[in-house]
file final00.txt (compact mmCIF, C-alpha atoms)
# COMPACT_ATOMS: atom_id res chain seq x y z
CA MET A 3 40.56 -38.14 26.46
CA THR A 4 37.25 -38.41 28.34
CA ASP A 5 36.67 -37.09 31.83
CA GLU A 6 36.54 -40.65 33.14
CA ALA A 7 39.87 -41.45 31.50
CA ASN A 8 41.40 -38.30 32.98
CA LEU A 9 40.15 -39.28 36.46
CA LYS A 10 41.65 -42.77 36.21
CA SER A 11 44.95 -41.32 35.00
CA THR A 12 45.11 -38.96 37.98
CA GLU A 13 44.32 -41.79 40.41
CA ARG A 14 47.17 -43.87 38.94
CA LYS A 15 49.61 -40.95 39.49
CA ILE A 16 48.55 -40.54 43.11
CA MET A 17 48.78 -44.26 43.87
CA THR A 18 52.24 -44.55 42.30
CA SER A 19 53.57 -41.52 44.21
CA VAL A 20 52.39 -42.50 47.71
CA PRO A 21 54.84 -45.38 48.36
CA ALA A 22 57.81 -43.14 47.49
CA LYS A 23 56.79 -40.56 50.11
CA LEU A 24 55.92 -42.99 52.93
CA PRO A 25 59.49 -43.58 54.20
CA PHE A 26 60.05 -39.83 54.43
CA LEU A 27 56.81 -39.27 56.32
CA CYS A 28 57.61 -42.10 58.74
CA ALA A 29 61.06 -40.66 59.38
CA VAL A 30 59.56 -37.25 60.15
CA MET A 31 57.06 -38.78 62.56
CA ILE A 32 59.75 -40.82 64.33
CA PHE A 33 61.95 -37.71 64.59
CA LEU A 34 59.09 -35.73 66.10
CA MET A 35 58.42 -38.53 68.58
CA ILE A 36 62.08 -38.52 69.66
CA LEU A 37 61.99 -34.77 70.17
CA SER A 38 58.91 -35.07 72.35
CA LEU A 39 60.28 -37.97 74.41
CA PRO A 40 62.34 -36.00 77.02
CA GLY A 41 59.39 -33.76 77.72
CA ALA A 42 57.21 -36.75 78.27
CA LEU A 43 59.75 -38.33 80.61
CA ALA A 44 60.04 -35.06 82.58
CA GLN A 45 56.34 -35.29 83.34
CA GLU A 46 56.58 -38.93 84.39
CA GLY A 47 54.94 -39.59 87.71
CA LEU A 48 52.59 -36.59 87.69
CA GLY A 49 48.94 -37.25 88.28
CA ARG A 50 46.08 -36.71 90.71
CA GLY A 51 47.62 -38.18 93.84
CA ARG A 52 47.42 -36.02 97.00
CA ILE A 53 48.96 -36.25 100.43
CA THR A 54 48.26 -34.28 103.58
CA GLY A 55 50.04 -34.21 106.90
CA THR A 56 51.12 -32.41 110.04
CA VAL A 57 54.57 -31.39 111.26
CA VAL A 58 55.22 -31.26 115.00
CA ASP A 59 58.20 -31.00 117.33
CA GLU A 60 59.21 -33.59 119.91
CA GLN A 61 56.68 -32.18 122.38
CA GLY A 62 53.85 -32.41 119.83
CA ASN A 63 53.69 -28.66 119.11
CA PRO A 64 52.93 -27.72 115.47
CA ILE A 65 55.78 -26.23 113.46
CA GLU A 66 55.03 -23.50 110.94
CA GLY A 67 57.10 -22.78 107.85
CA VAL A 68 58.49 -26.25 107.28
CA SER A 69 59.48 -26.79 103.63
CA ILE A 70 58.07 -30.08 102.30
CA VAL A 71 59.47 -31.54 99.08
CA MET A 72 58.11 -34.62 97.33
CA GLU A 73 60.46 -36.18 94.74
CA ASN A 74 60.09 -39.31 92.61
CA VAL A 75 62.62 -41.48 90.77
CA TYR A 76 62.38 -39.21 87.71
CA LYS A 77 63.54 -36.25 89.87
CA THR A 78 60.16 -34.60 89.52
CA LYS A 79 59.64 -32.32 92.56
CA LEU A 80 56.49 -30.94 94.16
CA ASN A 81 56.64 -28.48 97.06
CA GLY A 82 54.55 -27.43 100.02
CA THR A 83 54.86 -25.51 103.31
CA SER A 84 53.30 -26.15 106.72
CA ASN A 85 50.90 -23.52 108.12
CA LYS A 86 50.48 -22.23 111.68
CA LYS A 87 48.83 -25.49 112.72
CA GLY A 88 51.62 -27.50 111.14
CA HIS A 89 49.33 -28.75 108.35
CA PHE A 90 50.42 -29.17 104.74
CA ALA A 91 49.00 -30.63 101.53
CA ILE A 92 50.64 -31.46 98.20
CA SER A 93 48.78 -32.53 95.04
CA GLY A 94 49.69 -33.68 91.53
CA MET A 95 51.56 -36.93 92.21
CA GLY A 96 51.35 -40.06 90.15
CA THR A 97 51.19 -43.56 91.57
CA GLY A 98 54.49 -44.82 92.91
CA THR A 99 57.20 -44.25 95.53
CA TRP A 100 58.00 -40.66 96.44
CA LEU A 101 60.60 -39.35 98.88
CA LEU A 102 59.31 -36.76 101.35
CA THR A 103 61.89 -34.35 102.76
CA ALA A 104 61.06 -31.78 105.47
CA THR A 105 63.47 -28.97 106.37
CA ARG A 106 63.43 -25.87 108.56
CA ASP A 107 66.14 -23.81 110.26
CA GLY A 108 66.68 -24.97 113.83
CA TYR A 109 65.51 -28.54 113.18
CA ALA A 110 67.20 -31.68 111.94
CA PRO A 111 66.10 -32.55 108.35
CA HIS A 112 63.54 -35.35 108.10
CA SER A 113 63.16 -37.77 105.16
CA GLN A 114 60.90 -40.76 104.53
CA PRO A 115 59.61 -42.73 101.49
CA LEU A 116 55.87 -42.68 100.78
CA GLU A 117 53.77 -44.94 98.53
CA VAL A 118 51.34 -42.63 96.73
CA ARG A 119 48.14 -43.82 95.02
CA GLN A 120 45.84 -41.85 92.70
CA LEU A 121 42.68 -43.95 92.88
CA ARG A 122 42.29 -43.96 96.64
CA ARG A 123 42.83 -41.62 99.57
CA ASN A 124 46.37 -41.59 100.94
CA GLU A 125 46.74 -41.77 104.72
CA PRO A 126 47.74 -38.46 106.42
CA VAL A 127 51.43 -38.19 107.33
CA LYS A 128 52.67 -37.14 110.75
CA ILE A 129 56.21 -35.77 110.79
CA THR A 130 58.08 -35.28 114.08
CA MET A 131 61.12 -33.03 113.73
CA LYS A 132 63.95 -32.89 116.25
CA SER A 133 64.88 -29.37 117.33
CA LEU A 134 68.56 -28.52 117.21
CA THR A 135 70.45 -26.61 119.87
CA GLY A 136 73.88 -25.10 120.23
CA THR A 137 76.37 -25.68 117.46
CA GLU A 138 74.01 -27.96 115.49
CA ALA A 139 71.34 -25.24 115.34
CA PHE A 140 73.91 -22.65 114.33
CA LEU A 141 75.40 -24.80 111.56
CA SER A 142 71.95 -25.57 110.16
CA ASP A 143 71.01 -21.87 110.08
CA ASN A 144 71.99 -20.67 106.62
CA GLU A 145 71.37 -17.04 107.50
CA ALA A 146 73.63 -17.25 110.56
CA MET A 147 76.36 -18.96 108.55
CA ASP A 148 76.18 -16.19 105.95
CA MET A 149 76.50 -13.61 108.73
CA PHE A 150 79.52 -15.44 110.13
CA ASN A 151 81.24 -15.44 106.73
CA GLN A 152 80.49 -11.73 106.29
CA ALA A 153 82.02 -10.94 109.69
CA GLU A 154 85.13 -12.99 108.89
CA ALA A 155 85.58 -11.03 105.65
CA LEU A 156 85.20 -7.74 107.52
CA ILE A 157 87.85 -8.74 110.06
CA LYS A 158 90.27 -9.56 107.24
CA ALA A 159 89.56 -6.09 105.87
CA GLU A 160 90.18 -4.68 109.39
CA LYS A 161 86.64 -3.29 109.54
CA TYR A 162 86.18 -4.18 113.18
CA PRO A 163 83.11 -2.04 114.09
CA GLU A 164 81.14 -3.53 111.17
CA ALA A 165 82.22 -7.07 112.12
CA LEU A 166 81.27 -6.36 115.74
CA ASN A 167 77.73 -5.41 114.72
CA ILE A 168 77.29 -8.70 112.87
CA TYR A 169 78.68 -10.78 115.75
CA ASN A 170 76.28 -9.08 118.17
CA SER A 171 73.35 -9.88 115.86
CA MET A 172 74.51 -13.49 115.67
CA LEU A 173 74.69 -13.65 119.46
CA GLU A 174 71.10 -12.41 119.75
CA LYS A 175 69.94 -15.18 117.43
CA HIS A 176 72.14 -17.91 118.93
CA PRO A 177 73.00 -16.88 122.50
CA ASP A 178 74.27 -20.35 123.39
CA ILE A 179 77.13 -20.11 120.88
CA TYR A 180 79.54 -18.72 123.45
CA GLN A 181 82.44 -18.85 120.99
CA THR A 182 80.99 -15.67 119.46
CA HIS A 183 82.15 -13.78 122.57
CA LEU A 184 85.72 -14.64 121.56
CA ASN A 185 85.24 -12.89 118.21
CA ILE A 186 83.55 -9.91 119.85
CA GLY A 187 86.43 -9.61 122.32
CA TYR A 188 88.90 -9.70 119.45
CA CYS A 189 87.07 -6.83 117.71
CA TYR A 190 87.19 -4.73 120.90
CA MET A 191 90.84 -5.62 121.36
CA LYS A 192 91.74 -4.45 117.85
CA GLN A 193 89.82 -1.22 118.39
CA GLY A 194 91.78 -0.44 121.56
CA ILE A 195 88.87 -0.99 123.98
CA PRO A 196 90.57 -3.33 126.50
CA ASP A 197 87.93 -3.28 129.25
CA LYS A 198 85.17 -4.53 126.96
CA ALA A 199 87.56 -7.04 125.39
CA LYS A 200 88.46 -8.45 128.83
CA GLN A 201 84.79 -8.76 129.69
CA GLU A 202 84.09 -10.77 126.54
CA PHE A 203 87.08 -13.08 127.04
CA ALA A 204 86.12 -13.65 130.68
CA THR A 205 82.57 -14.48 129.54
CA VAL A 206 83.97 -17.15 127.23
CA LEU A 207 85.73 -18.87 130.14
CA GLU A 208 82.60 -18.66 132.31
CA LYS A 209 80.40 -20.13 129.57
CA ILE A 210 82.79 -23.03 128.98
CA LYS A 211 82.76 -23.87 132.69
CA GLU A 212 78.95 -23.58 132.81
CA LYS A 213 78.46 -25.90 129.86
CA HIS A 214 81.30 -28.38 130.28
CA GLY A 215 82.49 -27.91 133.86
CA ASP A 216 86.09 -27.94 132.65
CA LEU A 217 88.08 -25.71 130.29
CA GLN A 218 89.75 -28.83 128.88
CA LYS A 219 86.45 -29.80 127.22
CA ASP A 220 86.79 -26.85 124.82
CA LYS A 221 90.52 -26.31 124.96
CA ALA A 222 90.90 -24.39 121.70
CA THR A 223 88.37 -21.71 122.67
CA ALA A 224 89.69 -21.50 126.24
CA LEU A 225 93.26 -21.06 125.02
CA GLY A 226 92.15 -18.20 122.78
CA ALA A 227 90.49 -16.41 125.70
CA LEU A 228 93.34 -17.04 128.16
CA SER A 229 96.06 -15.92 125.76
CA SER A 230 94.11 -12.80 124.83
CA LEU A 231 93.60 -11.87 128.49
CA GLY A 232 97.29 -12.45 129.18
CA THR A 233 98.22 -10.22 126.24
CA LEU A 234 95.87 -7.42 127.33
CA TYR A 235 97.25 -7.35 130.89
CA LEU A 236 100.80 -7.53 129.55
CA GLN A 237 100.13 -4.47 127.40
CA GLU A 238 98.90 -2.64 130.50
CA GLY A 239 102.00 -3.58 132.48
CA ASP A 240 100.07 -5.77 134.93
CA PHE A 241 102.62 -8.59 134.91
CA GLU A 242 101.02 -10.49 137.76
CA LYS A 243 97.62 -10.83 136.03
CA SER A 244 99.29 -11.47 132.69
CA GLN A 245 101.37 -14.26 134.18
CA GLU A 246 98.25 -15.75 135.77
CA TYR A 247 96.46 -16.14 132.44
CA PHE A 248 99.47 -17.27 130.43
CA THR A 249 100.29 -19.84 133.12
CA GLN A 250 96.70 -21.16 132.97
CA SER A 251 97.08 -21.38 129.22
CA LEU A 252 100.27 -23.37 129.58
CA GLU A 253 98.72 -25.68 132.17
CA LEU A 254 95.80 -26.27 129.84
CA SER A 255 98.08 -27.03 126.91
CA PRO A 256 101.64 -27.97 127.95
CA GLU A 257 102.55 -28.17 124.25
CA ASP A 258 101.68 -24.51 123.66
CA ALA A 259 105.03 -22.90 122.75
CA PRO A 260 103.68 -19.31 122.50
CA ALA A 261 102.21 -19.60 125.99
CA ALA A 262 105.55 -20.77 127.39
CA TYR A 263 107.32 -17.95 125.57
CA ASN A 264 104.87 -15.33 126.88
CA VAL A 265 105.32 -16.48 130.48
CA GLY A 266 109.08 -16.32 129.98
CA GLU A 267 108.72 -12.80 128.58
CA ILE A 268 106.85 -11.66 131.68
CA PHE A 269 109.52 -13.04 134.01
CA PHE A 270 112.28 -11.52 131.87
CA SER A 271 110.58 -8.11 131.94
CA ASN A 272 110.64 -8.32 135.74
CA GLN A 273 114.31 -9.44 135.73
CA LYS A 274 113.40 -12.83 137.17
CA LEU A 275 116.04 -14.50 135.04
CA ASP A 276 115.91 -18.06 136.36
CA GLU A 277 112.13 -18.25 135.90
CA ALA A 278 112.40 -16.66 132.43
CA LEU A 279 115.11 -19.17 131.50
CA LYS A 280 112.85 -22.05 132.44
CA TYR A 281 109.98 -20.95 130.19
CA PHE A 282 112.08 -19.84 127.19
CA ASP A 283 113.84 -23.20 127.32
CA LEU A 284 110.45 -24.95 127.49
CA ALA A 285 109.34 -23.05 124.37
CA THR A 286 112.42 -24.29 122.46
CA ARG A 287 111.75 -27.85 123.55
CA ILE A 288 108.12 -27.64 122.41
CA ASP A 289 109.03 -26.07 119.06
CA ALA A 290 112.70 -26.52 118.24
CA ASN A 291 112.34 -24.64 114.94
CA TRP A 292 110.94 -21.43 116.40
CA ALA A 293 113.75 -18.87 116.42
CA LEU A 294 112.49 -16.22 118.85
CA PRO A 295 112.83 -18.18 122.14
CA TYR A 296 116.52 -18.80 121.32
CA LEU A 297 117.08 -15.06 120.99
CA LYS A 298 115.50 -14.49 124.39
CA LEU A 299 117.56 -17.29 125.92
CA ALA A 300 120.68 -15.62 124.55
CA TYR A 301 119.81 -12.36 126.33
CA VAL A 302 118.94 -14.18 129.55
CA TYR A 303 122.33 -15.95 129.56
CA LEU A 304 124.03 -12.64 128.69
CA ASN A 305 122.42 -11.04 131.74
CA LYS A 306 123.57 -13.99 133.84
CA LEU A 307 127.12 -13.48 132.41
CA GLU A 308 127.08 -17.01 130.95
CA TYR A 309 128.74 -15.94 127.71
CA ALA A 310 129.24 -19.32 126.02
CA LYS A 311 125.56 -20.25 126.30
CA SER A 312 124.58 -16.75 125.21
CA VAL A 313 126.64 -17.06 121.99
CA GLU A 314 125.29 -20.57 121.40
CA ASN A 315 121.69 -19.31 121.44
CA PHE A 316 122.46 -16.21 119.37
CA ASN A 317 123.94 -18.47 116.71
CA LYS A 318 120.93 -20.77 116.85
CA PHE A 319 118.64 -17.80 116.26
CA ILE A 320 120.72 -16.73 113.24
CA GLU A 321 120.67 -20.28 111.88
CA LEU A 322 116.87 -20.46 112.09
CA ASN A 323 116.17 -16.89 110.97
CA PRO A 324 119.09 -15.69 108.82
CA ASP A 325 117.07 -12.99 107.05
CA ASN A 326 115.95 -11.28 110.23
CA PRO A 327 116.90 -7.55 110.15
CA GLU A 328 118.38 -7.87 113.65
CA VAL A 329 121.02 -10.37 112.51
CA PRO A 330 123.75 -7.75 111.77
CA ASN A 331 123.38 -6.26 115.27
CA ILE A 332 123.34 -9.74 116.82
CA LYS A 333 126.61 -10.58 115.06
CA LYS A 334 128.17 -7.43 116.49
CA THR A 335 126.92 -8.48 119.93
CA ILE A 336 128.56 -11.89 119.47
CA GLU A 337 131.87 -10.18 118.56
CA THR A 338 131.64 -8.09 121.72
CA ILE A 339 130.92 -11.16 123.84
CA GLU A 340 133.92 -12.98 122.36
CA LYS A 341 136.11 -10.04 123.38
CA LEU A 342 134.66 -10.11 126.88
CA LYS A 343 135.35 -13.84 127.13
CA LYS A 344 139.03 -13.19 126.37
CA CYS A 345 139.21 -10.53 129.03
CA SER A 346 137.51 -12.60 131.70
call {"tool": "encode", "arguments": {"input": "final00.txt", "output": "structure tokens"}}
result
Amino acid sequence: MTDEANLKSTERKIMTSVPAKLPFLCAVMIFLMILSLPGALAQEGLGRGRITGTVVDEQGNPIEGVSIVMENVYKTKLNGTSNKKGHFAISGMGTGTWLLTATRDGYAPHSQPLEVRQLRRNEPVKITMKSLTGTEAFLSDNEAMDMFNQAEALIKAEKYPEALNIYNSMLEKHPDIYQTHLNIGYCYMKQGIPDKAKQEFATVLEKIKEKHGDLQKDKATALGALSSLGTLYLQEGDFEKSQEYFTQSLELSPEDAPAAYNVGEIFFSNQKLDEALKYFDLATRIDANWALPYLKLAYVYLNKLEYAKSVENFNKFIELNPDNPEVPNIKKTIETIEKLKKCS
């Protein structure tokens, strides 16, 4: 066969083989395009668009360290941070709507949509951020919240000195969060340092009055301070001061069964039986399922030689708390009372 014939034969082989391979090559190309598609979508919206701006507070003062995030509908994010003069600049955006979000500890978050263009200059943005105070500032401070959680964990582990250090650091950063004094007082109380504990609890009450003018405006915190002060004075045997704080607690929250019980306990310790009877009875009316006030009522009636009422309250205590280790002794006391009733 001549060279020309060989050439034509080779060309025929190539031409006949190409159509058979085309579907395979197309499939490979389509597969490769599909693989590259997510990556392409992830870059959607990127371009040469640029925005600049300034972040200020409500008085017009620049705010440094504000985190600026630009995000588009494809969840593409670009970040920036304001400098000492409050200025920031972010580049690389494509044309379209972007959401600007500005955040910084101590300030309320700020968000606004922006229309970004690549082929012309975008107008500078002025962001005014509202400063937070008090509880809002504390709750927005991630570092302070972490410290609070650490201190709570330390208290559960009964590591009171370590918790105290954290609470004091928190108070330095957020001095207007007067509730921290309650936690500090509790740490001193658990460490057996009553004078410092009293000072902290008293500070809580003063701060509530300064801020709200009335303890009722922050009843939960006030009750914690009042009850703690009453307990501390009771432990020291100062019944008059203890009664003063427990009575305030009860006046603040007439539905506070423990406060009523504690006042009754003070009167009972001083053998003021009629007054003790009044407050133990109040505790049972506030919380009819709490066993302890019934036990105290039983002893009050026993001291007043009212045997039937004494037995009635002993039995109520047993009914509500049958597994109490004192129950066997109480049953013996009831037997003795029954004998006394027969002799009287």
call {"tool": "residues_around", "arguments": {"input": "final00.txt", "residues": "A:Glu340", "least_positions_apart": "6", "cutoff": "9 Å", "atoms": "all atoms listed in the file", "output": "list of chain:residue names"}}
result
A:Tyr309, A:Ala310, A:Val313
call {"tool": "residues_around", "arguments": {"input": "final00.txt", "residues": "stretch 57-63 of chain A", "least_positions_apart": "2", "cutoff": "8 Å", "atoms": "all atoms listed in the file", "output": "number ranges by chain"}}
result
A: 55, 65-66, 68, 84, 88-89, 128-133
call {"tool": "closest_atom_pairs", "arguments": {"input": "final00.txt", "of": "stretch 128-198 of chain A", "to": "stretch 209-217 of chain A", "cutoff": "9 Å", "atoms": "only C-alpha atoms", "output": "tab-separated table"}}
result
residue	atom	partner	partner_atom	distance
A:Asp178	CA	A:Lys209	CA	8.7
A:Tyr180	CA	A:Lys209	CA	6.3
A:Gln181	CA	A:Lys209	CA	8.9
call {"tool": "write_last_selection", "arguments": {"input": "final00.txt", "atoms": "C-alpha atoms", "output": "CSV table (one decimal), keeping the file's coordinate frame"}}
result
chain,number,residue,atom,x,y,z
A,178,ASP,CA,74.3,-20.4,123.4
A,180,TYR,CA,79.5,-18.7,123.4
A,181,GLN,CA,82.4,-18.8,121.0
call {"tool": "atom_distance", "arguments": {"input": "final00.txt", "atom1": "atom CA of A:Glu125", "atom2": "atom CA of A:Gly94"}}
result
15.8 Å
call {"tool": "closest_residue", "arguments": {"input": "final00.txt", "among": "A:Asn144, A:Asn185, A:Glu267, A:Pro324", "to": "A:Leu236", "atoms": "only C-alpha atoms"}}
result
A:Glu267
call {"tool": "residues_around", "arguments": {"input": "final00.txt", "residues": "A:Glu145", "least_positions_apart": "4", "cutoff": "10 Å", "atoms": "all atoms listed in the file", "output": "VMD selection string"}}
result
chain A and resid 107 140 to 141 149 to 150 172
call {"tool": "residues_around", "arguments": {"input": "final00.txt", "residues": "A:Glu257", "least_positions_apart": "6", "cutoff": "9 Å", "atoms": "only C-alpha atoms", "output": "list of chain:residue names"}}
result
A:Ala285, A:Ile288, A:Asp289
call {"tool": "atom_distance", "arguments": {"input": "final00.txt", "atom1": "atom CA of A:Gln218", "atom2": "atom CA of A:Tyr109"}}
result
28.9 Å
call {"tool": "residues_around", "arguments": {"input": "final00.txt", "residues": "A:Met191", "least_positions_apart": "2", "cutoff": "10 Å", "atoms": "all atoms listed in the file", "output": "list in words"}}
result
Tyr162, Asn185, Ile186, Gly187, Tyr188, Cys189, Gln193, Gly194, Ile195, Pro196, Asp197, Lys198, Ala199, Lys200, Glu202, Ser230, Leu231, Thr233 and Leu234 of chain A
call {"tool": "closest_residue", "arguments": {"input": "final00.txt", "among": "A:Arg52, A:Lys306, A:His183, A:Lys341", "to": "A:Leu80", "atoms": "all atoms listed in the file"}}
result
A:Arg52
call {"tool": "atom_distance", "arguments": {"input": "final00.txt", "atom1": "atom CA of A:Val265", "atom2": "atom CA of A:Leu299"}}
result
13.1 Å
call {"tool": "residues_near_point", "arguments": {"input": "final00.txt", "point": "(53.4, -42.5, 99.6)", "cutoff": "7 Å", "atoms": "all atoms listed in the file", "output": "PyMOL selection string"}}
result
chain A and resi 99-100+115-118
